[in-house]
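S.K.: Just one file: model_10.csv, with CSV, C-alpha atoms and all ligand atoms.
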chain,number,residue,atom,x,y,z
A,1,MET,CA,288.0,107.6,133.4
A,2,LYS,CA,286.9,104.2,134.8
A,3,LYS,CA,284.2,102.3,133.0
A,4,VAL,CA,281.5,100.5,135.0
A,5,ALA,CA,280.2,97.3,133.5
A,6,VAL,CA,276.9,95.9,134.7
A,7,VAL,CA,277.0,92.2,133.8
A,8,VAL,CA,273.5,90.9,133.8
A,9,GLY,CA,273.3,87.2,134.4
A,10,ALA,CA,276.8,87.2,136.1
A,11,ARG,CA,276.5,83.6,137.3
A,12,GLY,CA,275.6,82.2,133.9
A,13,VAL,CA,277.9,80.3,131.7
A,14,ILE,CA,278.3,83.4,129.5
A,15,GLY,CA,278.1,86.1,132.2
A,16,ALA,CA,280.5,84.4,134.6
A,17,ASN,CA,283.2,84.1,131.8
A,18,LEU,CA,282.5,87.7,130.9
A,19,VAL,CA,283.2,88.8,134.5
A,20,GLU,CA,286.4,86.8,134.4
A,21,HIS,CA,287.5,88.5,131.2
A,22,LEU,CA,286.7,92.1,132.4
A,23,LYS,CA,288.7,91.4,135.6
A,24,THR,CA,291.8,91.0,133.4
A,25,LEU,CA,291.3,94.4,131.7
A,26,ASP,CA,292.4,97.8,133.0
A,27,GLY,CA,289.9,100.5,133.7
A,28,TRP,CA,286.8,98.5,134.5
A,29,ASP,CA,284.7,98.2,137.7
A,30,ILE,CA,282.3,95.4,137.5
A,31,VAL,CA,278.8,94.9,139.0
A,32,GLY,CA,277.3,91.4,138.6
A,33,LEU,CA,273.6,90.8,138.7
A,34,SER,CA,271.9,87.4,139.2
A,35,ARG,CA,269.3,85.8,141.4
A,36,ARG,CA,272.0,83.9,143.4
A,37,GLY,CA,274.3,86.8,143.9
A,38,GLY,CA,278.0,86.1,144.5
A,39,ILE,CA,281.1,86.8,146.6
A,40,ASP,CA,282.5,90.3,146.1
A,41,GLU,CA,286.2,90.8,145.4
A,42,PRO,CA,288.3,93.8,144.5
A,43,GLY,CA,286.7,95.5,141.5
A,44,VAL,CA,283.7,93.1,141.4
A,45,ARG,CA,280.4,93.7,143.4
A,46,HIS,CA,277.5,91.3,143.1
A,47,ILE,CA,273.9,92.2,143.5
A,48,ALA,CA,271.2,89.5,144.0
A,49,VAL,CA,268.0,90.7,142.3
A,50,ASP,CA,264.9,89.3,140.7
A,51,LEU,CA,264.8,91.0,137.3
A,52,LEU,CA,261.3,89.8,136.7
A,53,ASP,CA,260.2,92.0,139.6
A,54,GLU,CA,260.2,95.7,138.4
A,55,THR,CA,260.2,97.1,141.9
A,56,ASP,CA,263.0,94.9,143.2
A,57,THR,CA,265.0,95.8,140.1
A,58,ARG,CA,264.5,99.5,140.5
A,59,ASN,CA,265.3,99.4,144.2
A,60,LYS,CA,268.4,97.3,143.9
A,61,LEU,CA,269.9,99.1,140.9
A,62,GLY,CA,269.1,102.7,141.9
A,63,SER,CA,272.7,103.1,143.2
A,64,LEU,CA,274.3,102.3,139.8
A,65,GLU,CA,274.7,106.0,138.9
A,66,HIS,CA,278.2,105.4,137.5
A,67,ALA,CA,277.2,102.5,135.2
A,68,THR,CA,278.6,103.1,131.6
A,69,HIS,CA,278.0,99.7,130.0
A,70,ILE,CA,275.3,97.0,130.4
A,71,PHE,CA,276.3,93.5,129.2
A,72,TYR,CA,273.0,91.6,129.1
A,73,ALA,CA,273.4,87.8,129.3
A,74,ALA,CA,270.5,86.8,131.6
A,75,TYR,CA,268.2,84.1,130.6
A,76,GLN,CA,264.9,82.6,131.9
A,77,ASP,CA,264.2,79.1,130.6
A,78,ARG,CA,260.7,78.0,129.7
A,79,PRO,CA,259.2,74.8,128.2
A,80,THR,CA,258.2,76.4,124.8
A,81,TRP,CA,259.7,78.9,122.4
A,82,ALA,CA,256.5,81.1,122.8
A,83,GLU,CA,256.7,81.2,126.6
A,84,LEU,CA,260.3,82.4,126.4
A,85,VAL,CA,259.3,85.8,125.0
A,86,GLU,CA,257.5,87.4,127.9
A,87,PRO,CA,259.9,86.8,130.8
A,88,ASN,CA,263.1,87.4,128.8
A,89,VAL,CA,261.8,90.7,127.3
A,90,THR,CA,260.5,91.8,130.8
A,91,MET,CA,263.9,91.2,132.4
A,92,LEU,CA,265.8,93.2,129.8
A,93,LYS,CA,263.2,96.0,130.0
A,94,ASN,CA,263.4,96.2,133.8
A,95,VAL,CA,267.2,96.3,133.9
A,96,VAL,CA,267.6,98.8,131.1
A,97,GLU,CA,265.0,101.2,132.6
A,98,ALA,CA,266.4,100.9,136.1
A,99,VAL,CA,270.0,101.6,135.1
A,100,GLU,CA,269.0,104.3,132.6
A,101,THR,CA,267.2,106.2,135.3
A,102,ALA,CA,270.2,105.9,137.7
A,103,ALA,CA,273.1,106.4,135.3
A,104,GLN,CA,273.7,109.7,133.5
A,105,ASP,CA,276.6,108.4,131.4
A,106,LEU,CA,275.3,105.1,130.1
A,107,GLN,CA,277.2,104.6,126.9
A,108,HIS,CA,276.4,101.1,125.5
A,109,ILE,CA,274.1,98.1,126.0
A,110,SER,CA,275.3,94.7,124.7
A,111,LEU,CA,272.7,92.1,124.1
A,112,MET,CA,273.6,88.4,124.1
A,113,GLN,CA,271.6,86.6,121.4
A,114,GLY,CA,272.3,83.3,119.5
A,115,TYR,CA,271.6,81.5,116.2
A,116,LYS,CA,267.9,81.2,117.3
A,117,VAL,CA,267.6,84.6,115.5
A,118,TYR,CA,268.2,82.6,112.3
A,119,GLY,CA,265.7,79.8,113.3
A,120,ALA,CA,268.6,77.4,113.9
A,121,HIS,CA,266.6,75.7,116.7
A,122,LEU,CA,263.6,75.1,114.4
A,123,GLY,CA,265.2,73.0,111.6
A,124,PRO,CA,267.6,73.3,108.7
A,125,PHE,CA,268.3,77.0,108.2
A,126,THR,CA,270.4,78.9,105.6
A,127,THR,CA,274.1,78.3,106.3
A,128,PRO,CA,276.4,80.1,106.7
A,129,ALA,CA,273.9,82.4,108.4
A,130,LYS,CA,274.6,86.1,108.0
A,131,GLU,CA,273.7,88.9,110.3
A,132,SER,CA,271.7,90.5,107.4
A,133,ASP,CA,269.5,87.3,106.9
A,134,PRO,CA,265.8,87.9,107.3
A,135,GLY,CA,264.2,86.9,110.6
A,136,HIS,CA,261.7,84.1,111.0
A,137,MET,CA,258.0,84.1,112.0
A,138,PRO,CA,257.6,85.2,115.7
A,139,PRO,CA,257.6,84.3,118.6
A,140,GLU,CA,261.3,84.8,119.0
A,141,PHE,CA,262.6,86.3,122.2
A,142,ASN,CA,266.0,87.3,120.8
A,143,THR,CA,264.3,89.4,118.1
A,144,GLU,CA,261.9,91.0,120.5
A,145,GLN,CA,264.8,92.0,122.8
A,146,GLN,CA,266.7,93.5,119.9
A,147,LYS,CA,263.6,95.4,118.8
A,148,PHE,CA,263.2,96.8,122.3
A,149,LEU,CA,266.9,98.0,122.3
A,150,GLN,CA,266.7,99.4,118.8
A,151,ASP,CA,263.6,101.4,119.5
A,152,LYS,CA,264.8,102.7,122.9
A,153,GLY,CA,268.3,103.3,121.6
A,154,SER,CA,267.0,105.5,118.8
A,155,ARG,CA,265.8,107.9,121.5
A,156,SER,CA,268.8,107.7,123.8
A,157,GLN,CA,272.5,108.7,123.9
A,158,TRP,CA,273.7,105.1,124.3
A,159,SER,CA,274.5,102.7,121.5
A,160,TRP,CA,273.8,98.9,121.4
A,161,SER,CA,275.3,95.8,119.9
A,162,ALA,CA,273.9,92.3,119.5
A,163,ILE,CA,276.2,89.3,119.9
A,164,ARG,CA,275.3,86.0,118.2
A,165,PRO,CA,277.3,83.0,119.4
A,166,SER,CA,276.9,79.3,118.4
A,167,VAL,CA,276.7,76.8,121.2
A,168,VAL,CA,278.8,78.3,124.0
A,169,CYS,CA,281.3,76.2,125.8
A,170,GLY,CA,282.9,77.2,129.1
A,171,PHE,CA,282.9,76.5,132.8
A,172,GLY,CA,279.6,76.8,134.6
A,173,LEU,CA,277.4,74.9,137.1
A,174,GLY,CA,273.7,74.9,137.4
A,175,ASN,CA,273.2,76.3,133.9
A,176,PRO,CA,270.5,74.9,131.6
A,177,MET,CA,272.7,75.2,128.5
A,178,ASN,CA,276.2,73.9,128.9
A,179,LEU,CA,277.3,71.4,126.3
A,180,ALA,CA,280.9,70.8,127.5
A,181,SER,CA,279.6,69.7,131.0
A,182,VAL,CA,277.1,67.4,129.4
A,183,ILE,CA,279.8,65.7,127.4
A,184,ALA,CA,282.3,65.6,130.3
A,185,VAL,CA,279.8,64.0,132.7
A,186,TYR,CA,278.4,61.6,130.1
A,187,ALA,CA,281.9,60.4,129.3
A,188,SER,CA,282.9,60.1,132.9
A,189,MET,CA,279.8,58.0,133.7
A,190,SER,CA,280.4,55.9,130.6
A,191,LYS,CA,283.9,55.2,131.9
A,192,GLU,CA,282.6,54.4,135.4
A,193,LEU,CA,280.2,51.9,133.9
A,194,GLY,CA,282.9,50.3,131.8
A,195,MET,CA,281.0,51.3,128.6
A,196,PRO,CA,282.4,52.7,125.3
A,197,LEU,CA,281.6,56.3,124.4
A,198,ARG,CA,278.5,56.2,122.3
A,199,PHE,CA,277.1,59.3,120.5
A,200,PRO,CA,273.5,59.5,121.7
A,201,GLY,CA,272.2,61.9,119.0
A,202,LYS,CA,270.4,61.5,115.8
A,203,MET,CA,272.2,59.5,113.1
A,204,GLY,CA,272.1,62.6,110.8
A,205,ALA,CA,273.6,64.8,113.5
A,206,TYR,CA,276.8,62.7,113.6
A,207,GLY,CA,277.8,63.8,110.1
A,208,ALA,CA,276.4,67.4,110.1
A,209,LEU,CA,278.8,70.4,110.0
A,210,LEU,CA,278.7,72.6,113.1
A,211,GLU,CA,280.7,75.0,115.1
A,212,MET,CA,281.1,76.1,118.7
A,213,THR,CA,281.9,79.4,120.5
A,214,ASP,CA,284.4,79.3,123.4
A,215,ALA,CA,283.1,81.4,126.3
A,216,GLY,CA,286.4,83.2,126.8
A,217,LEU,CA,286.6,84.2,123.1
A,218,LEU,CA,283.0,85.3,123.3
A,219,ALA,CA,283.7,87.5,126.3
A,220,GLU,CA,286.6,89.2,124.4
A,221,ALA,CA,284.4,89.7,121.3
A,222,THR,CA,281.5,91.1,123.5
A,223,VAL,CA,283.7,93.7,125.1
A,224,TRP,CA,285.4,94.5,121.8
A,225,ALA,CA,282.0,95.2,120.1
A,226,ALA,CA,280.8,97.3,123.0
A,227,THR,CA,283.9,99.5,123.0
A,228,THR,CA,284.5,99.8,119.2
A,229,PRO,CA,282.6,102.8,117.8
A,230,ALA,CA,282.4,101.2,114.3
A,231,CYS,CA,280.4,98.3,115.8
A,232,ALA,CA,277.6,100.5,117.3
A,233,ASN,CA,274.0,99.5,116.7
A,234,GLN,CA,274.9,96.3,114.8
A,235,ALA,CA,274.8,92.5,115.3
A,236,PHE,CA,277.8,90.1,115.1
A,237,ASN,CA,278.1,86.4,114.7
A,238,ILE,CA,280.8,85.2,117.0
A,239,ASN,CA,282.3,81.7,116.6
A,240,ASN,CA,285.5,79.8,117.0
A,241,GLY,CA,286.4,80.0,113.3
A,242,ASP,CA,286.6,76.3,112.6
A,243,LEU,CA,283.9,73.7,111.7
A,244,PHE,CA,283.7,70.1,112.7
A,245,ARG,CA,281.5,67.0,112.5
A,246,TRP,CA,280.8,64.8,115.6
A,247,GLU,CA,281.8,61.8,113.6
A,248,THR,CA,285.4,63.1,113.8
A,249,MET,CA,285.2,64.9,117.1
A,250,TRP,CA,283.5,62.1,119.1
A,251,PRO,CA,286.4,59.6,118.7
A,252,ARG,CA,288.8,62.3,119.7
A,253,ILE,CA,286.8,63.0,122.9
A,254,ALA,CA,286.6,59.3,123.6
A,255,ASP,CA,290.4,59.2,123.3
A,256,TYR,CA,290.7,62.1,125.8
A,257,PHE,CA,288.7,60.1,128.3
A,258,ASP,CA,290.6,57.0,127.5
A,259,LEU,CA,287.4,55.3,126.2
A,260,ASP,CA,286.6,53.1,123.2
A,261,VAL,CA,284.1,54.6,120.8
A,262,ALA,CA,280.9,52.7,119.8
A,263,PRO,CA,278.6,53.5,116.9
A,264,PRO,CA,275.9,56.1,117.5
A,265,LEU,CA,272.6,55.1,119.1
A,266,ARG,CA,269.8,57.6,119.4
A,267,MET,CA,268.6,57.8,123.0
A,268,SER,CA,267.2,60.6,125.1
A,269,LEU,CA,269.8,61.7,127.7
A,270,ALA,CA,267.0,63.3,129.7
A,271,ASP,CA,265.4,59.8,130.0
A,272,THR,CA,268.5,57.6,130.1
A,273,MET,CA,270.4,59.7,132.7
A,274,ALA,CA,267.5,60.4,134.9
A,275,ASP,CA,268.2,57.4,137.2
A,276,LYS,CA,271.9,58.0,137.5
A,277,GLU,CA,272.0,60.3,140.6
A,278,PRO,CA,273.1,57.5,142.9
A,279,LEU,CA,275.9,56.6,140.4
A,280,TRP,CA,277.0,60.3,140.4
A,281,ASN,CA,277.0,60.5,144.2
A,282,SER,CA,279.1,57.3,144.4
A,283,MET,CA,281.6,58.8,142.0
A,284,ILE,CA,281.8,61.9,144.2
A,285,GLU,CA,282.8,59.7,147.1
A,286,ARG,CA,285.1,57.4,145.1
A,287,TYR,CA,287.1,60.1,143.4
A,288,ASP,CA,286.9,62.8,146.2
A,289,LEU,CA,285.0,65.2,143.9
A,290,LEU,CA,283.5,68.5,145.0
A,291,PRO,CA,279.9,67.5,146.0
A,292,THR,CA,278.1,69.1,143.0
A,293,PRO,CA,274.4,68.2,143.0
A,294,TYR,CA,273.6,65.9,140.1
A,295,ALA,CA,270.9,68.4,138.9
A,296,ASP,CA,273.6,71.1,138.6
A,297,VAL,CA,276.4,69.2,136.9
A,298,ALA,CA,274.8,68.4,133.5
A,299,ALA,CA,271.7,69.7,131.7
A,300,TRP,CA,270.7,66.6,129.8
A,301,PRO,CA,267.8,68.1,127.8
A,302,PHE,CA,270.3,70.6,126.3
A,303,GLY,CA,272.5,67.6,125.2
A,304,ASP,CA,269.4,66.1,123.5
A,305,PHE,CA,268.7,69.4,121.8
A,306,VAL,CA,272.2,69.9,120.4
A,307,PHE,CA,272.7,66.2,119.5
A,308,GLY,CA,269.4,66.3,117.6
A,309,TRP,CA,270.5,68.8,115.0
A,310,ASP,CA,270.7,66.6,111.9
A,311,TYR,CA,271.5,69.6,109.7
A,312,ASP,CA,274.4,72.0,109.3
A,313,PHE,CA,274.7,74.5,112.1
A,314,PHE,CA,277.0,77.4,111.4
A,315,ALA,CA,277.1,81.1,110.7
A,316,ASP,CA,279.4,83.5,108.8
A,317,GLY,CA,281.7,85.0,111.3
A,318,SER,CA,283.6,87.3,108.9
A,319,LYS,CA,281.8,90.5,109.7
A,320,ALA,CA,283.5,90.7,113.1
A,321,ARG,CA,286.8,89.9,111.5
A,322,ARG,CA,286.4,92.6,108.9
A,323,LEU,CA,285.8,95.1,111.7
A,324,GLY,CA,288.9,94.0,113.6
A,325,PHE,CA,288.2,91.1,115.9
A,326,HIS,CA,290.6,88.4,114.9
A,327,ARG,CA,290.8,85.9,117.7
A,328,TYR,CA,290.0,82.3,116.9
A,329,ALA,CA,289.8,79.1,119.0
A,330,GLU,CA,290.6,75.5,117.9
A,331,THR,CA,287.4,73.6,118.9
A,332,GLU,CA,289.1,70.3,119.8
A,333,LYS,CA,291.6,72.1,122.0
A,334,MET,CA,288.7,74.1,123.6
A,335,PHE,CA,286.9,70.9,124.6
A,336,PHE,CA,290.0,69.4,126.0
A,337,ASP,CA,290.9,72.6,128.0
A,338,ILE,CA,287.4,72.7,129.5
A,339,PHE,CA,287.5,69.0,130.4
A,340,SER,CA,291.0,69.5,132.0
A,341,ASP,CA,289.6,72.5,133.9
A,342,LEU,CA,286.7,70.4,135.2
A,343,ARG,CA,289.2,67.8,136.4
A,344,ARG,CA,291.4,70.5,138.0
A,345,ARG,CA,288.3,71.9,139.8
A,346,ARG,CA,287.4,68.3,141.0
A,347,ILE,CA,284.1,68.4,139.3
A,348,ILE,CA,284.7,65.3,137.2
A,349,PRO,CA,287.2,62.5,138.1
A,350,SER,CA,290.7,62.2,136.9
A,351,ARG,CA,291.8,58.6,137.2
A,352,THR,CA,294.8,59.3,139.3
A,353,ARG,CA,292.7,60.7,142.1
A,354,GLU,CA,290.6,57.7,143.0
A,355,VAL,CA,290.3,57.4,146.7
A,356,ARG,CA,291.0,53.8,147.8
A,357,ARG,CA,289.2,52.8,150.9
B,1,LIG,N1,274.7,78.6,126.7
B,1,LIG,C1,274.7,78.5,125.3
B,1,LIG,O1,275.2,77.6,124.7
B,1,LIG,C2,274.2,79.7,124.5
B,1,LIG,C3,274.4,79.7,123.2
B,1,LIG,C4,273.9,80.7,122.4
B,1,LIG,C5,273.2,81.7,123.0
B,1,LIG,N2,273.0,81.7,124.3
B,1,LIG,C6,272.2,82.8,124.9
B,1,LIG,O2,272.9,83.6,125.8
B,1,LIG,C7,272.1,84.1,126.9
B,1,LIG,C8,272.6,83.6,128.2
B,1,LIG,O3,272.7,82.2,128.2
B,1,LIG,P1,273.5,81.4,129.4
B,1,LIG,O4,273.6,80.0,128.8
B,1,LIG,O5,274.7,82.1,129.8
B,1,LIG,O6,272.4,81.4,130.5
B,1,LIG,P2,272.5,80.8,132.0
B,1,LIG,O7,273.8,80.0,132.2
B,1,LIG,O8,271.2,80.1,132.3
B,1,LIG,O9,272.6,82.1,132.9
B,1,LIG,C9,271.5,82.9,133.0
B,1,LIG,C10,271.8,84.0,134.1
B,1,LIG,O10,270.6,84.8,134.2
B,1,LIG,C11,270.3,85.0,135.6
B,1,LIG,N3,268.9,85.1,135.8
B,1,LIG,C12,267.9,84.4,135.3
B,1,LIG,N4,266.7,84.8,135.7
B,1,LIG,C13,267.0,85.9,136.5
B,1,LIG,C14,266.2,86.8,137.3
B,1,LIG,N5,264.8,86.6,137.4
B,1,LIG,N6,266.8,87.8,137.9
B,1,LIG,C15,268.1,87.9,137.9
B,1,LIG,N7,268.9,87.1,137.2
B,1,LIG,C16,268.4,86.1,136.5
B,1,LIG,C17,270.8,83.7,136.2
B,1,LIG,O11,270.9,83.9,137.6
B,1,LIG,P3,271.2,82.8,138.7
B,1,LIG,O12,272.6,82.3,138.3
B,1,LIG,O13,271.2,83.4,140.0
B,1,LIG,O14,270.2,81.7,138.4
B,1,LIG,C18,272.1,83.4,135.5
B,1,LIG,O15,273.1,84.2,136.1
B,1,LIG,C19,270.7,83.5,126.6
B,1,LIG,O16,269.9,84.5,125.9
B,1,LIG,C20,271.0,82.3,125.6
B,1,LIG,O17,269.9,82.0,124.8
B,1,LIG,C21,273.4,80.7,125.1
Just give me the structure of the file as structure tokens.

M.R.:
Amino acid sequence: MKKVAVVVGARGVIGANLVEHLKTLDGWDIVGLSRRGGIDEPGVRHIAVDLLDETDTRNKLGSLEHATHIFYAAYQDRPTWAELVEPNVTMLKNVVEAVETAAQDLQHISLMQGYKVYGAHLGPFTTPAKESDPGHMPPEFNTEQQKFLQDKGSRSQWSWSAIRPSVVCGFGLGNPMNLASVIAVYASMSKELGMPLRFPGKMGAYGALLEMTDAGLLAEATVWAATTPACANQAFNINNGDLFRWETMWPRIADYFDLDVAPPLRMSLADTMADKEPLWNSMIERYDLLPTPYADVAAWPFGDFVFGWDYDFFADGSKARRLGFHRYAETEKMFFDIFSDLRRRRIIPSRTREVRR
């Protein structure tokens, strides 16, 4: 019997990689939800919908009577942590209620969370964070979303799982949280300006221990948790399985881009990179890149956020391994693979492609 996955936030850095992974598996039909919509292909149908609008959601999702799994990875950005709660809980509620009404055989709802559950965005938190750690003082949208699922799930036939990645790295454009793109574009522009690669974060962030989550590995883990009965109604930290410090990784990244490395200097990327749109446009022309709008290619505030963590940032990923998910990713290789992918897609320059006029 075919399973039908409703991927919510299918154009996001997490959702798009999940769609790509599901496409490689037998037995799944995929429905992708986003505001932008997408191009349908065999086995994948896209629906453009505003999940903040209850009526639009109900009307557009009324036909999903065969849905068996919801993979929720939509996200509404807001300027403050408190403001994130209302829209993000509303979207989850609207989509779950609409699909539940239409689908008789809804089996599982997977919720994408993150280390914010542990207060990782607020300051030094207990590391390695465990799924069983106590939560922090509200407001916290991830926690409110989980409470909604727990409460509704206790009265429904479907089960749920909550997936907690670290910083997620993968291909995506126009996403507010995509660290690999921030680094790739920052390095490419440093090269264009003839500058060494300088870590722009806090001094203490350079030596802190942290970890990443590869978007492909995350997609595999998400489907694994959603289809493994022993994982029902639980949360799982999902990470690459190795730790690193920027002070070691940064010179390696500089080396990849054939750049010298300079000592760290704290500066706001949001401020410093704000005037670089003309430079970006000139690089598109010079290197024959795809004309990606500057606003879509790198989310500088997210870079400032991640490079500002002057404390350890990692969680215990052993629970997923104990229950049977054993994939790992080497973080340095993950970065290089994403940079090479961005080059292949002609999003960032590769030196050999310079167009001489
Ligand atoms: N990225 C990370 O590093 C990271 C790390 C840990 C946890 N997380 C968590 O993972 C979740 C997903 O993050 P992400 O980075 O993948 O987000 P993202 O790239 O911003 O993608 C969000 C998706 O949600 C869709 N969406 C937003 N508002 C919508 C609306 N009103 N109606 C329909 N669709 C809507 C977007 O549609 P459009 O594409 O059409 O705009 C997009 O497809 C979030 O909860 C985030 O906190 C992310």

S.K.: Let me see if you get this right: every residue at most 6 Å from ligand LIG 1 (chain B), counting all atoms listed in the file, written as a PyMOL selection string.

M.R.: chain A and resi 9-15+34-36+49-52+73-76+112-114+165-168+175-178

S.K.: Leaving out Asp26 of chain A and any residue of its chain fewer than 3 positions from it, which residues lie within 9 Å of it when counting all atoms listed in the file, given as a list in words?

M.R.: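 Residues meeting the cut-off are Lys2, Leu22 and Lys23 of chain A.
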
S.K.: Can you tell me, as an MDAnalysis selection string, what residues are no more than 12 Å from Ala299 of chain A when counting only C-alpha atoms, ignoring any on the same chain fewer than 3 positions away?

M.R.: chainID A and resid 172:186 269:271 273:274 293:296 302:306

S.K.: Please provide as a PyMOL selection string all residues within 6 Å of segment 68-72 of chain A, with the sequence filter that same-chain residues fewer than 2 positions apart are discarded (counting only C-alpha atoms).

M.R.: chain A and resi 3-8+74+105-112

S.K.: Please tabulate, as JSON lines, the residues of segment 53-161 of chain A that come within 6 Å of segment 211-234 of chain A, each with its closest pair of atoms and the distance in Å to one decimal, counting only C-alpha atoms and ordering rows by chain, then residue number upward.

M.R.:
{"residue": "A:Ser159", "atom": "CA", "partner": "A:Ala232", "partner_atom": "CA", "distance": 5.7}
{"residue": "A:Trp160", "atom": "CA", "partner": "A:Asn233", "partner_atom": "CA", "distance": 4.7}
{"residue": "A:Ser161", "atom": "CA", "partner": "A:Asn233", "partner_atom": "CA", "distance": 5.1}

S.K.: Can I get C-alpha atoms for segment 98-121 of chain A, as a PDB file, in the first residue's frame?

M.R.:
ATOM      1  CA  ALA A  98      -7.281  20.261   7.577  1.00  0.00           C
ATOM      2  CA  VAL A  99      -5.444  17.004   6.752  1.00  0.00           C
ATOM      3  CA  GLU A 100      -7.013  15.139   9.664  1.00  0.00           C
ATOM      4  CA  THR A 101     -10.485  16.061   8.425  1.00  0.00           C
ATOM      5  CA  ALA A 102      -9.714  14.909   4.875  1.00  0.00           C
ATOM      6  CA  ALA A 103      -7.628  11.771   5.549  1.00  0.00           C
ATOM      7  CA  GLN A 104      -9.065   8.638   7.147  1.00  0.00           C
ATOM      8  CA  ASP A 105      -5.717   6.825   7.405  1.00  0.00           C
ATOM      9  CA  LEU A 106      -3.418   9.491   8.838  1.00  0.00           C
ATOM     10  CA  GLN A 107      -0.713   7.474  10.626  1.00  0.00           C
ATOM     11  CA  HIS A 108       2.018   9.841  11.745  1.00  0.00           C
ATOM     12  CA  ILE A 109       2.920  13.515  12.186  1.00  0.00           C
ATOM     13  CA  SER A 110       6.606  14.429  12.263  1.00  0.00           C
ATOM     14  CA  LEU A 111       7.493  17.804  13.772  1.00  0.00           C
ATOM     15  CA  MET A 112      10.773  19.546  12.915  1.00  0.00           C
ATOM     16  CA  GLN A 113      12.178  21.254  15.983  1.00  0.00           C
ATOM     17  CA  GLY A 114      15.732  22.246  16.974  1.00  0.00           C
ATOM     18  CA  TYR A 115      18.033  22.910  19.932  1.00  0.00           C
ATOM     19  CA  LYS A 116      15.918  25.972  20.810  1.00  0.00           C
ATOM     20  CA  VAL A 117      13.937  23.455  22.891  1.00  0.00           C
ATOM     21  CA  TYR A 118      17.036  23.371  25.135  1.00  0.00           C
ATOM     22  CA  GLY A 119      17.425  27.164  25.184  1.00  0.00           C
ATOM     23  CA  ALA A 120      20.480  26.929  22.902  1.00  0.00           C
ATOM     24  CA  HIS A 121      19.609  30.291  21.310  1.00  0.00           C
TER      25      HIS A 121
END
